[in-house]
file model-v5.tsv (TSV, C-alpha atoms and all ligand atoms)
chain	number	residue	atom	x	y	z
A	1	MET	CA	0.00	0.00	0.00
A	2	GLY	CA	1.49	3.35	-1.05
A	3	LEU	CA	1.80	5.92	1.70
A	4	LEU	CA	2.15	9.64	1.05
A	5	ARG	CA	3.22	12.37	3.47
A	6	CYS	CA	1.50	15.75	3.12
A	7	PRO	CA	3.28	19.10	3.70
A	8	GLU	CA	1.89	19.06	7.30
A	9	GLY	CA	3.44	15.65	7.94
A	10	HIS	CA	0.31	13.48	7.93
A	11	LEU	CA	0.80	9.99	6.50
A	12	PHE	CA	-2.05	8.61	4.40
A	13	SER	CA	-2.83	5.89	1.88
A	14	SER	CA	-2.57	7.15	-1.68
A	15	ARG	CA	-4.73	4.26	-2.82
A	16	ARG	CA	-7.51	5.41	-0.54
A	17	TYR	CA	-7.18	9.18	-0.79
A	18	GLY	CA	-5.21	9.92	-3.98
A	19	SER	CA	-2.84	12.85	-3.55
A	20	ILE	CA	-5.04	14.96	-1.23
A	21	CYS	CA	-4.37	14.63	2.52
A	22	PRO	CA	-7.60	13.47	4.25
A	23	TYR	CA	-6.63	15.29	7.47
A	24	CYS	CA	-5.75	18.80	6.24
A	25	HIS	CA	-6.83	18.55	2.57
A	26	LYS	CA	-3.46	19.75	1.33
A	27	ALA	CA	-2.27	18.25	-1.94
A	28	VAL	CA	0.96	16.32	-2.05
A	29	ARG	CA	3.06	17.68	-4.89
A	30	LEU	CA	4.02	14.78	-7.06
A	31	ALA	CA	7.33	14.49	-8.83
A	32	ASN	CA	5.40	14.50	-12.12
A	33	ASP	CA	2.17	16.50	-11.95
A	34	ASN	CA	1.25	15.48	-15.50
A	35	ALA	CA	0.42	12.01	-14.22
A	36	ILE	CA	-2.69	13.47	-12.54
A	37	ASP	CA	-4.07	14.33	-15.98
A	38	ASP	CA	-3.57	10.80	-17.32
A	39	ALA	CA	-6.65	10.39	-19.53
A	40	GLU	CA	-7.16	6.71	-18.69
A	41	GLY	CA	-6.89	7.40	-14.98
A	42	ILE	CA	-4.08	4.87	-14.77
A	43	TYR	CA	-0.75	6.06	-13.48
A	44	ASN	CA	2.33	5.02	-15.36
A	45	ASP	CA	4.43	2.66	-13.22
A	46	SER	CA	7.68	4.07	-14.54
A	47	THR	CA	6.89	7.64	-13.45
A	48	PRO	CA	8.80	8.59	-10.29
A	49	TYR	CA	6.56	9.62	-7.40
A	50	ILE	CA	6.94	10.59	-3.79
A	51	GLY	CA	6.10	7.25	-2.26
A	52	ASP	CA	4.39	4.58	-4.30
A	53	LEU	CA	1.26	6.15	-5.74
A	54	GLU	CA	-1.36	3.71	-6.89
A	55	VAL	CA	-4.72	4.34	-8.48
A	56	MET	CA	-7.13	5.69	-5.88
A	57	ASP	CA	-10.03	3.45	-4.88
A	58	PRO	CA	-13.39	4.88	-5.93
A	59	VAL	CA	-15.75	5.95	-3.14
A	60	THR	CA	-18.97	3.92	-2.73
A	61	GLY	CA	-20.76	6.04	-0.11
A	62	TRP	CA	-20.29	8.25	2.92
A	63	LEU	CA	-20.95	8.55	6.60
A	64	VAL	CA	-21.78	12.10	7.65
A	65	CYS	CA	-21.59	12.97	11.33
A	66	ILE	CA	-24.81	14.79	12.30
A	67	ASP	CA	-24.37	14.72	16.07
A	68	GLY	CA	-21.26	14.53	18.25
A	69	PRO	CA	-17.77	16.07	18.35
A	70	SER	CA	-17.24	15.46	14.61
A	71	LYS	CA	-20.57	16.96	13.55
A	72	GLY	CA	-20.38	18.14	9.94
A	73	ARG	CA	-17.55	15.85	8.98
A	74	ASP	CA	-17.88	13.19	6.26
A	75	TYR	CA	-16.11	9.84	5.96
A	76	LYS	CA	-15.67	7.90	2.76
A	77	ILE	CA	-16.75	4.30	2.43
A	78	PHE	CA	-14.88	2.11	-0.06
A	79	THR	CA	-15.46	-1.32	-1.60
A	80	ALA	CA	-15.17	-4.28	0.81
A	81	LYS	CA	-14.61	-3.86	4.56
A	82	ASN	CA	-14.13	-0.48	6.24
A	83	PHE	CA	-13.14	-0.84	9.90
A	84	LEU	CA	-14.30	2.02	12.09
A	85	GLY	CA	-12.83	3.32	15.33
A	86	ARG	CA	-10.71	6.08	16.91
A	87	SER	CA	-7.32	4.57	16.07
A	88	ASP	CA	-5.36	5.81	13.05
A	89	SER	CA	-5.09	2.19	11.93
A	90	MET	CA	-8.82	2.23	11.21
A	91	ASP	CA	-10.14	2.75	7.68
A	92	ILE	CA	-12.68	5.20	9.08
A	93	GLN	CA	-11.10	7.11	11.94
A	94	ILE	CA	-13.53	9.05	14.12
A	95	LEU	CA	-11.80	11.42	16.51
A	96	GLY	CA	-13.13	13.20	19.57
A	97	ASP	CA	-15.74	10.73	20.80
A	98	ASN	CA	-14.14	8.53	23.48
A	99	ALA	CA	-17.28	6.40	23.65
A	100	ILE	CA	-16.29	5.07	20.23
A	101	ALA	CA	-13.88	2.13	20.54
A	102	LYS	CA	-10.28	2.58	19.42
A	103	LYS	CA	-10.52	-0.43	17.16
A	104	ASN	CA	-13.39	-2.12	15.35
A	105	HIS	CA	-16.39	-0.43	16.91
A	106	ALA	CA	-18.21	-1.27	13.68
A	107	VAL	CA	-17.46	-2.46	10.17
A	108	LEU	CA	-19.04	-0.97	7.07
A	109	VAL	CA	-19.01	-3.18	4.01
A	110	TYR	CA	-19.77	-2.32	0.43
A	111	ASP	CA	-20.53	-5.59	-1.36
A	112	PRO	CA	-20.12	-4.99	-5.12
A	113	LYS	CA	-21.86	-8.27	-6.06
A	114	LYS	CA	-24.96	-7.49	-4.04
A	115	ARG	CA	-24.55	-3.76	-4.66
A	116	LYS	CA	-25.39	-3.17	-1.03
A	117	THR	CA	-23.76	-1.40	1.87
A	118	LEU	CA	-23.97	-3.30	5.15
A	119	ILE	CA	-22.99	-2.54	8.71
A	120	LEU	CA	-21.67	-5.12	11.18
A	121	PRO	CA	-20.98	-4.69	14.88
A	122	GLY	CA	-17.23	-4.83	15.57
A	123	ASP	CA	-15.52	-6.99	18.20
A	124	SER	CA	-15.36	-4.11	20.68
A	125	LYS	CA	-17.72	-3.51	23.60
A	126	GLY	CA	-19.45	-0.55	21.97
A	127	LEU	CA	-22.97	-0.93	20.64
A	128	VAL	CA	-24.16	-0.06	17.17
A	129	TYR	CA	-27.63	1.28	16.48
A	130	VAL	CA	-29.30	1.80	13.11
A	131	ASN	CA	-32.44	3.93	13.27
A	132	ASP	CA	-32.49	3.30	17.06
A	133	GLU	CA	-32.40	-0.51	16.68
A	134	GLY	CA	-29.43	-2.42	18.18
A	135	ILE	CA	-27.41	-4.27	15.52
A	136	TYR	CA	-26.00	-7.72	16.39
A	137	GLY	CA	-25.33	-9.10	12.90
A	138	PRO	CA	-24.92	-7.84	9.34
A	139	GLN	CA	-27.56	-5.27	8.50
A	140	GLU	CA	-28.22	-3.73	5.08
A	141	LEU	CA	-28.18	0.04	5.05
A	142	ASP	CA	-30.56	2.30	3.16
A	143	ASP	CA	-29.81	5.82	2.10
A	144	HIS	CA	-30.15	8.28	5.02
A	145	ASP	CA	-30.25	5.57	7.69
A	146	VAL	CA	-29.08	6.97	11.04
A	147	ILE	CA	-26.17	5.11	12.63
A	148	GLU	CA	-25.43	5.68	16.31
A	149	LEU	CA	-21.97	4.86	17.70
A	150	GLY	CA	-20.81	6.02	21.12
A	151	LYS	CA	-22.14	9.54	21.61
A	152	SER	CA	-22.19	10.29	17.89
A	153	ARG	CA	-24.74	9.87	15.16
A	154	PHE	CA	-24.07	9.55	11.46
A	155	LEU	CA	-26.15	9.58	8.30
A	156	PHE	CA	-25.36	6.93	5.72
A	157	ILE	CA	-25.34	8.40	2.22
A	158	SER	CA	-25.15	5.86	-0.59
A	159	LEU	CA	-23.45	6.34	-3.93
A	160	CYS	CA	-23.04	2.81	-5.28
A	161	GLY	CA	-26.08	0.57	-5.41
A	162	GLU	CA	-28.80	-0.26	-7.89
A	163	ARG	CA	-28.72	3.17	-9.50
A	164	PHE	CA	-24.96	3.63	-9.81
A	165	GLU	CA	-21.89	1.45	-9.79
A	166	TRP	CA	-18.39	2.37	-11.01
A	167	GLU	CA	-18.19	-0.90	-12.97
A	168	ASP	CA	-21.14	0.18	-15.13
A	169	LEU	CA	-19.24	3.30	-16.07
A	170	ASP	CA	-16.32	1.17	-17.27
A	171	ASP	CA	-18.74	-0.98	-19.30
A	172	VAL	CA	-20.24	2.14	-20.92
A	173	ASN	CA	-16.75	3.36	-21.86
A	174	LYS	CA	-15.80	-0.03	-23.27
A	175	ASN	CA	-19.01	-0.27	-25.25
A	176	ASN	CA	-18.54	3.23	-26.62
A	177	LYS	CA	-15.09	2.27	-27.81
A	178	LYS	CA	-16.47	-0.93	-29.29
A	179	ASP	CA	-19.22	1.02	-31.04
A	180	ASN	CA	-16.66	3.38	-32.53
A	181	ASN	CA	-14.64	0.46	-33.83
A	182	GLN	CA	-17.73	-1.11	-35.31
A	183	GLU	CA	-18.68	2.14	-37.01
A	184	ALA	CA	-15.26	2.26	-38.56
A	185	GLU	CA	-15.75	-1.25	-39.88
A	186	GLY	CA	-19.16	-0.31	-41.20
A	187	GLU	CA	-21.62	-3.02	-40.17
A	188	ASN	CA	-22.81	-4.74	-37.00
A	189	ASP	CA	-24.71	-2.15	-34.97
A	190	GLU	CA	-26.10	-4.57	-32.38
A	191	ARG	CA	-23.76	-4.83	-29.45
A	192	ASP	CA	-25.37	-7.97	-28.02
A	193	LYS	CA	-24.84	-9.91	-31.21
A	194	SER	CA	-21.22	-8.94	-31.49
A	195	ASP	CA	-20.62	-9.87	-27.85
A	196	LYS	CA	-21.98	-13.34	-28.47
A	197	SER	CA	-20.06	-13.80	-31.68
A	198	GLU	CA	-16.83	-12.83	-29.94
A	199	LYS	CA	-17.39	-15.50	-27.32
A	200	SER	CA	-18.52	-18.28	-29.69
A	201	LYS	CA	-15.89	-20.54	-31.16
A	202	PRO	CA	-14.80	-19.93	-34.73
A	203	LEU	CA	-16.35	-22.41	-37.19
B	1	ZN	ZN	-2.13	16.74	6.09
call {"tool": "encode", "arguments": {"input": "model-v5.tsv", "output": "structure tokens", "more": "lines below"}}
Ligand SMILES: [Zn+2]
result
Amino acid sequence: MGLLRCPEGHLFSSRRYGSICPYCHKAVRLANDNAIDDAEGIYNDSTPYIGDLEVMDPVTGWLVCIDGPSKGRDYKIFTAKNFLGRSDSMDIQILGDNAIAKKNHAVLVYDPKKRKTLILPGDSKGLVYVNDEGIYGPQELDDHDVIELGKSRFLFISLCGERFEWEDLDDVNKNNKKDNNQEAEGENDERDKSDKSEKSKPL
């Protein structure tokens, strides 16, 4: 995992946050700023960077603190498991509320197959409530559900789900490219047909 250090000295994961420090929002100046404009969004491995910059994970949703010491702050949720607690080893670090466990108070999961965000209680003592109900196993989250941890409350805001998924965007781009190629060749305007013919064995 590539770590970057911002001008203020904060260490953060470039894969998770790109080149913007999540603590102070200062940009880390890269050895080659042109890489940021890479049209494909894929950084060239041979380009020298400060640290080992990888492609940033796309966000799948947010927690927004609506009550508690971090009121007004938002926290990104990424694909797969997001461990939540006060420690800086947590994926989602909530500061200021000592009633939130240091480690694993809760786990937020975005499941790309199900296209659902779920919350699980962590292995700490702290309780997890969703819309005032105690959570003791995996629970699917709906947009604007209220999550209570320690003395703080958070809104869950979804991005990925039935209406949007980053993968679909990639498919659209691929299909657009395919369409352009097909136009150049002239015939074959039905994408479904061409997909099948590509997969079928040659006669
Ligand atoms: Zn910083």
call {"tool": "residues_near_point", "arguments": {"input": "model-v5.tsv", "point": "(-15.0, 6.7, 6.8)", "cutoff": "9 Å", "atoms": "all atoms listed in the file", "output": "MDAnalysis selection string"}}
result
chainID A and resid 62:64 74:78 82:84 90:94 108
call {"tool": "residues_near_ligand", "arguments": {"input": "model-v5.tsv", "ligand": "ligand ZN 1 (chain B)", "cutoff": "9 Å", "atoms": "all atoms listed in the file", "output": "PyMOL selection string"}}
result
chain A and resi 5-12+20-28
call {"tool": "write_last_selection", "arguments": {"input": "model-v5.tsv", "atoms": "C-alpha atoms", "output": "tab-separated table (two decimals), in the frame of the given file"}}
result
chain	number	residue	atom	x	y	z
A	5	ARG	CA	3.22	12.37	3.47
A	6	CYS	CA	1.50	15.75	3.12
A	7	PRO	CA	3.28	19.10	3.70
A	8	GLU	CA	1.89	19.06	7.30
A	9	GLY	CA	3.44	15.65	7.94
A	10	HIS	CA	0.31	13.48	7.93
A	11	LEU	CA	0.80	9.99	6.50
A	12	PHE	CA	-2.05	8.61	4.40
A	20	ILE	CA	-5.04	14.96	-1.23
A	21	CYS	CA	-4.37	14.63	2.52
A	22	PRO	CA	-7.60	13.47	4.25
A	23	TYR	CA	-6.63	15.29	7.47
A	24	CYS	CA	-5.75	18.80	6.24
A	25	HIS	CA	-6.83	18.55	2.57
A	26	LYS	CA	-3.46	19.75	1.33
A	27	ALA	CA	-2.27	18.25	-1.94
A	28	VAL	CA	0.96	16.32	-2.05
call {"tool": "atom_distance", "arguments": {"input": "model-v5.tsv", "atom1": "atom CA of Leu120 of chain A", "atom2": "atom CA of Gly137 of chain A"}}
result
5.7 Å
call {"tool": "closest_residue", "arguments": {"input": "model-v5.tsv", "among": "A:His144, A:Arg153, A:Lys177, A:Arg15", "to": "Gly61 of chain A", "atoms": "all atoms listed in the file"}}
result
A:His144
call {"tool": "residues_around", "arguments": {"input": "model-v5.tsv", "residues": "Ser70 of chain A", "least_positions_apart": "5", "cutoff": "9 Å", "atoms": "only C-alpha atoms", "output": "list in words"}}
result
Val64, Cys65, Ile94, Leu95, Gly96, Asp97 and Ser152 of chain A
call {"tool": "closest_residue", "arguments": {"input": "model-v5.tsv", "among": "A:Ile66, A:Leu127, A:Ala101, A:Ala106", "to": "Lys81 of chain A", "atoms": "all atoms listed in the file"}}
result
A:Ala106
call {"tool": "closest_residue", "arguments": {"input": "model-v5.tsv", "among": "A:Asp57, A:Ser14, A:Asp67, A:Val172", "to": "Val146 of chain A", "atoms": "only C-alpha atoms"}}
result
A:Asp67
call {"tool": "residues_around", "arguments": {"input": "model-v5.tsv", "residues": "Ser158 of chain A", "least_positions_apart": "2", "cutoff": "8 Å", "atoms": "only C-alpha atoms", "output": "list in words"}}
result
Thr60, Gly61, Trp62, Thr117, Asp142, Asp143, His144, Phe156, Cys160 and Gly161 of chain A
call {"tool": "closest_residue", "arguments": {"input": "model-v5.tsv", "among": "A:Tyr136, A:Phe154, A:Tyr17, A:Tyr129", "to": "Val59 of chain A", "atoms": "all atoms listed in the file"}}
result
A:Tyr17
call {"tool": "atom_distance", "arguments": {"input": "model-v5.tsv", "atom1": "atom CA of Arg115 of chain A", "atom2": "atom CA of Lys102 of chain A"}}
result
28.7 Å
call {"tool": "closest_residue", "arguments": {"input": "model-v5.tsv", "among": "A:Asp123, A:Gly18, A:Lys103, A:Lys71", "to": "Ser89 of chain A", "atoms": "only C-alpha atoms"}}
result
A:Lys103
call {"tool": "atom_distance", "arguments": {"input": "model-v5.tsv", "atom1": "atom CA of Gly134 of chain A", "atom2": "atom CA of Glu148 of chain A"}}
result
9.2 Å
call {"tool": "closest_residue", "arguments": {"input": "model-v5.tsv", "among": "A:Leu141, A:Ile100, A:Val130, A:His105", "to": "Leu118 of chain A", "atoms": "only C-alpha atoms"}}
result
A:Leu141
